[in-house]
Amino acid sequence: MRSFFVTMIVFLLVLTPQQSLASSDNIKTWNDVISNYSDTGTLGGISVPLDSNNSSDSNTMAGDEWPSLVEVYTATWCENCVTTQGIIDSLTLPEGKSMLKIHYHRFIAEVQDPFGSQTTDDRWIERYGPTSRLTNSYGYENIAPSKVFDGERIHTGTTKSSESLEFDYQNSFDKGSSLDVSEFSATLSWTNSSGNNEFSWNISTPSLNNKYIIEPMILIIEDVGYFPEGGNGEKYYHHILRDVIPLSTIDGNISIDFNDAYDGNDLTAVLIFDWNYDNSDDGIMSAVPFPSIAVFTSFFIALFYNRNDKSDLI
């Protein structure tokens with residue numbers, strides 16, 4: 001009787017989590033971003049136009065107002081990028097929700113795309129390179145096209161996980177951030193004084209305890225650049241990431257130069273931050289996946305009852 005009881009406990013503890021995960025995997029159309037932390041993502045999107053006709057500007061946004069961030073790796077020769085970017089542009093946004101697109105253009109060993117920079121390629125490779133290598137057949141750290149939603153979910157190439165890329169991207173967009181941002185807020189201010197660009201910022205995330213590491217930065221984005229020589233047939237390229245300015249604290253000020261626009265006068269500074277859950281002190285159980293924890297627990301239950309059975313025989 002006790003053997004039957006132990007068997008049922010093992011069955012319920014192991015099978016139930018696996019069934020739950022299998023059900024979840026049926027609607028999962030992305031790869032999780034891999035980092036040095038167990039949980040990670042990117043939030044923000046507080047924008048300030050860097051208009052040469054103005055000398056200052058400021059913007060404050062509550063967390064509920066922040067746009068969903070879609071980071072795109074692309075190139076002017078990439079024909080598939082045109083198709084996938086069209087899908088992103090056609091996604092359905094719920095009422096009151098907005099999207100901020102950030103287009104990284106290939107730079108390293110690049111001879112056909114004038115929009116990228118070393119800092120932008122470095123940002124992509126450091127943040128998303130490990131996952132990119134694992135999820136594309138070429139093993140590239142930066143493959144065009146790639147898409148990342150909220151810094152959490154990555155799609156590489158044009159291989160679909162469901163019946164269509166449209167469903168894949170919409171599913172990733174609808175998922176949203178893993179964090180509740182309702183109590184968050186952030187401010188970004190810019191001043192140009194005698195040609196010197198000065199930024200001040202403040203990020204408030206009161207619900208995050210000391211287990212979360214915040215890595216803020218300012219992105220310099222060009223609204224549109226004209227390049228008719230691109231091999232993909234496009235002439236105008238939008239949301240071009242021109243520079244990345246790392247920030248050492250969640251509030252402060254800095255005076256810094258940044259990469260100019262490729263053409264025109266349409267740069268915008270955008271405050272974002274990577275958030276990372278530091279699980280380094282969570283102990284041994286944090287390294288055990290949930291189904292394995294169930295097996296681990298059931299083993300000790302079985303061992304306990306087995307010892308009792310032997311005691312009854314003495």
# chains A, B, ... in the order shown; residues from 1 in each chain; ligands from 1
call {"tool": "residues_around", "arguments": {"residues": "Arg106 of chain A", "least_positions_apart": "5", "cutoff": "8 Å", "atoms": "only C-alpha atoms", "output": "ChimeraX atom specification"}}
result
/A:73-75,113,115-117,121,142,144
call {"tool": "select_by_dssp", "arguments": {"residues": "segment 49-155 of chain A", "states": "strand (DSSP E or B)", "output": "VMD selection string"}}
result
chain A and resid 49 56 to 62 68 to 74 99 to 105 146 to 149 153 to 155
call {"tool": "select_by_dssp", "arguments": {"residues": "segment 46-250 of chain A", "states": "alpha helix (DSSP H)", "output": "MDAnalysis selection string"}}
result
chainID A and resid 79:89 118:135 165:175
call {"tool": "write_last_selection", "arguments": {"atoms": "N, CA and C atoms", "output": "compact mmCIF listing (two decimals), in the first residue's frame"}}
result
# COMPACT_ATOMS: atom_id res chain seq x y z
N GLU A 79 17.35 41.83 -47.71
CA GLU A 79 16.01 41.83 -48.30
C GLU A 79 14.98 41.25 -47.33
N ASN A 80 15.35 40.21 -46.60
CA ASN A 80 14.42 39.63 -45.62
C ASN A 80 14.06 40.63 -44.53
N CYS A 81 14.98 41.58 -44.25
CA CYS A 81 14.71 42.59 -43.23
C CYS A 81 13.52 43.47 -43.62
N VAL A 82 13.38 43.74 -44.90
CA VAL A 82 12.26 44.56 -45.37
C VAL A 82 10.94 43.87 -45.06
N THR A 83 10.90 42.56 -45.31
CA THR A 83 9.68 41.79 -45.04
C THR A 83 9.35 41.74 -43.56
N THR A 84 10.34 41.41 -42.74
CA THR A 84 10.07 41.27 -41.30
C THR A 84 9.77 42.62 -40.65
N GLN A 85 10.41 43.69 -41.12
CA GLN A 85 10.10 45.01 -40.58
C GLN A 85 8.69 45.44 -40.95
N GLY A 86 8.23 45.02 -42.13
CA GLY A 86 6.84 45.29 -42.51
C GLY A 86 5.87 44.60 -41.57
N ILE A 87 6.22 43.41 -41.13
CA ILE A 87 5.36 42.70 -40.18
C ILE A 87 5.32 43.44 -38.84
N ILE A 88 6.47 43.90 -38.38
CA ILE A 88 6.52 44.67 -37.13
C ILE A 88 5.64 45.91 -37.25
N ASP A 89 5.71 46.59 -38.39
CA ASP A 89 4.93 47.81 -38.58
C ASP A 89 3.43 47.55 -38.58
N GLN A 118 30.43 51.20 -34.02
CA GLN A 118 31.05 50.20 -33.15
C GLN A 118 30.25 50.04 -31.85
N THR A 119 29.80 51.16 -31.30
CA THR A 119 29.08 51.08 -30.02
C THR A 119 27.75 50.35 -30.16
N THR A 120 27.08 50.51 -31.29
CA THR A 120 25.78 49.84 -31.46
C THR A 120 25.97 48.34 -31.67
N ASP A 121 26.98 47.96 -32.48
CA ASP A 121 27.26 46.54 -32.66
C ASP A 121 27.71 45.90 -31.35
N ASP A 122 28.53 46.62 -30.59
CA ASP A 122 28.99 46.09 -29.30
C ASP A 122 27.82 45.84 -28.36
N ARG A 123 26.88 46.77 -28.33
CA ARG A 123 25.70 46.62 -27.48
C ARG A 123 24.92 45.36 -27.86
N TRP A 124 24.68 45.16 -29.15
CA TRP A 124 23.90 43.99 -29.59
C TRP A 124 24.63 42.70 -29.25
N ILE A 125 25.93 42.64 -29.60
CA ILE A 125 26.68 41.40 -29.41
C ILE A 125 26.81 41.04 -27.93
N GLU A 126 27.07 42.04 -27.10
CA GLU A 126 27.21 41.77 -25.66
C GLU A 126 25.90 41.31 -25.05
N ARG A 127 24.81 41.92 -25.49
CA ARG A 127 23.51 41.63 -24.88
C ARG A 127 22.84 40.39 -25.48
N TYR A 128 22.87 40.28 -26.81
CA TYR A 128 22.09 39.24 -27.49
C TYR A 128 22.95 38.24 -28.27
N GLY A 129 24.25 38.49 -28.36
CA GLY A 129 25.11 37.62 -29.15
C GLY A 129 25.08 36.15 -28.74
N PRO A 130 25.19 35.83 -27.44
CA PRO A 130 25.19 34.41 -27.04
C PRO A 130 23.93 33.66 -27.49
N THR A 131 22.76 34.29 -27.32
CA THR A 131 21.52 33.63 -27.74
C THR A 131 21.44 33.53 -29.25
N SER A 132 21.88 34.59 -29.93
CA SER A 132 21.86 34.58 -31.39
C SER A 132 22.68 33.43 -31.94
N ARG A 133 23.84 33.19 -31.37
CA ARG A 133 24.69 32.08 -31.84
C ARG A 133 23.99 30.74 -31.71
N LEU A 134 23.20 30.59 -30.66
CA LEU A 134 22.53 29.31 -30.39
C LEU A 134 21.28 29.12 -31.24
N THR A 135 20.71 30.20 -31.75
CA THR A 135 19.39 30.11 -32.37
C THR A 135 19.40 30.37 -33.87
N LEU A 165 5.08 34.23 -39.27
CA LEU A 165 5.87 35.18 -38.51
C LEU A 165 4.99 36.25 -37.89
N GLU A 166 3.87 36.55 -38.57
CA GLU A 166 2.93 37.53 -38.03
C GLU A 166 2.45 37.09 -36.65
N PHE A 167 2.09 35.82 -36.52
CA PHE A 167 1.63 35.31 -35.22
C PHE A 167 2.78 35.30 -34.22
N ASP A 168 3.96 34.89 -34.66
CA ASP A 168 5.12 34.84 -33.77
C ASP A 168 5.40 36.21 -33.17
N TYR A 169 5.48 37.24 -34.01
CA TYR A 169 5.81 38.58 -33.53
C TYR A 169 4.68 39.16 -32.67
N GLN A 170 3.45 38.93 -33.09
CA GLN A 170 2.33 39.45 -32.30
C GLN A 170 2.30 38.80 -30.92
N ASN A 171 2.58 37.50 -30.89
CA ASN A 171 2.60 36.78 -29.62
C ASN A 171 3.68 37.33 -28.70
N SER A 172 4.85 37.62 -29.25
CA SER A 172 5.94 38.19 -28.46
C SER A 172 5.60 39.60 -27.98
N PHE A 173 4.98 40.39 -28.85
CA PHE A 173 4.62 41.75 -28.46
C PHE A 173 3.57 41.73 -27.35
N ASP A 174 2.55 40.88 -27.51
CA ASP A 174 1.45 40.82 -26.53
C ASP A 174 1.92 40.33 -25.17
N LYS A 175 2.99 39.56 -25.13
CA LYS A 175 3.49 39.03 -23.86
C LYS A 175 3.87 40.15 -22.90
call {"tool": "closest_residue", "arguments": {"among": "A:Asp39, A:Glu229, A:Glu215, A:Asp263", "to": "Ile245 of chain A", "atoms": "only C-alpha atoms"}}
result
A:Glu215
call {"tool": "closest_residue", "arguments": {"among": "A:Ser146, A:Ser56, A:Thr29, A:Gln112", "to": "Glu71 of chain A", "atoms": "only C-alpha atoms"}}
result
A:Ser146
call {"tool": "closest_residue", "arguments": {"among": "A:Trp275, A:Asn136, A:Lys97, A:Asp266", "to": "Thr159 of chain A", "atoms": "only C-alpha atoms"}}
result
A:Asn136
call {"tool": "atom_distance", "arguments": {"atom1": "atom CA of Asp274 of chain A", "atom2": "atom CA of Ile214 of chain A"}}
result
5.9 Å
call {"tool": "closest_residue", "arguments": {"among": "A:Tyr277, A:Phe227, A:Met61, A:Gly233", "to": "Asn210 of chain A", "atoms": "only C-alpha atoms"}}
result
A:Tyr277
call {"tool": "closest_residue", "arguments": {"among": "A:Gly151, A:Gly176, A:Gly157, A:Pro49", "to": "Pro94 of chain A", "atoms": "only C-alpha atoms"}}
result
A:Gly176
call {"tool": "atom_distance", "arguments": {"atom1": "atom CA of Glu141 of chain A", "atom2": "atom CA of Thr156 of chain A"}}
result
10.2 Å
call {"tool": "residues_around", "arguments": {"residues": "segment 190-201 of chain A", "least_positions_apart": "6", "cutoff": "7 Å", "atoms": "only C-alpha atoms", "output": "JSON, numbers by chain"}}
result
{"A": [55, 56, 57, 58, 251, 252, 253, 254, 255, 256, 257]}
call {"tool": "write_last_selection", "arguments": {"atoms": "C-alpha atoms", "output": "compact mmCIF listing (two decimals), in the first residue's frame"}}
result
# COMPACT_ATOMS: atom_id res chain seq x y z
CA SER A 55 18.61 74.55 -26.54
CA SER A 56 16.83 72.26 -24.07
CA ASP A 57 14.00 69.78 -23.60
CA SER A 58 12.72 67.40 -20.92
CA ASP A 251 20.12 59.19 -11.66
CA GLY A 252 22.70 61.80 -12.48
CA ASN A 253 23.97 64.09 -15.21
CA ILE A 254 26.59 63.87 -17.91
CA SER A 255 28.14 66.04 -20.60
CA ILE A 256 29.04 64.00 -23.67
CA ASP A 257 29.44 63.99 -27.44
call {"tool": "residues_around", "arguments": {"residues": "Asp180 of chain A", "least_positions_apart": "2", "cutoff": "10 Å", "atoms": "only C-alpha atoms", "output": "list in words"}}
result
Gly63, Asp64, Gly176, Ser177, Ser178, Ser182, Glu183, Phe184, Thr205, Ser207 and Leu208 of chain A
call {"tool": "write_last_selection", "arguments": {"atoms": "C-alpha atoms", "output": "mmCIF file, in the first residue's frame"}}
result
data_model
loop_
_atom_site.group_PDB
_atom_site.id
_atom_site.type_symbol
_atom_site.label_atom_id
_atom_site.label_comp_id
_atom_site.auth_asym_id
_atom_site.auth_seq_id
_atom_site.Cartn_x
_atom_site.Cartn_y
_atom_site.Cartn_z
ATOM 1 C CA GLY A 63 5.828 53.351 -16.225
ATOM 2 C CA ASP A 64 2.346 52.685 -17.594
ATOM 3 C CA GLY A 176 4.857 42.362 -22.591
ATOM 4 C CA SER A 177 7.374 42.886 -19.840
ATOM 5 C CA SER A 178 7.802 40.339 -17.052
ATOM 6 C CA SER A 182 2.850 50.543 -12.761
ATOM 7 C CA GLU A 183 4.894 52.148 -9.972
ATOM 8 C CA PHE A 184 7.859 53.046 -12.162
ATOM 9 C CA THR A 205 11.734 51.599 -9.710
ATOM 10 C CA SER A 207 9.209 47.807 -6.287
ATOM 11 C CA LEU A 208 12.587 46.363 -7.279
#
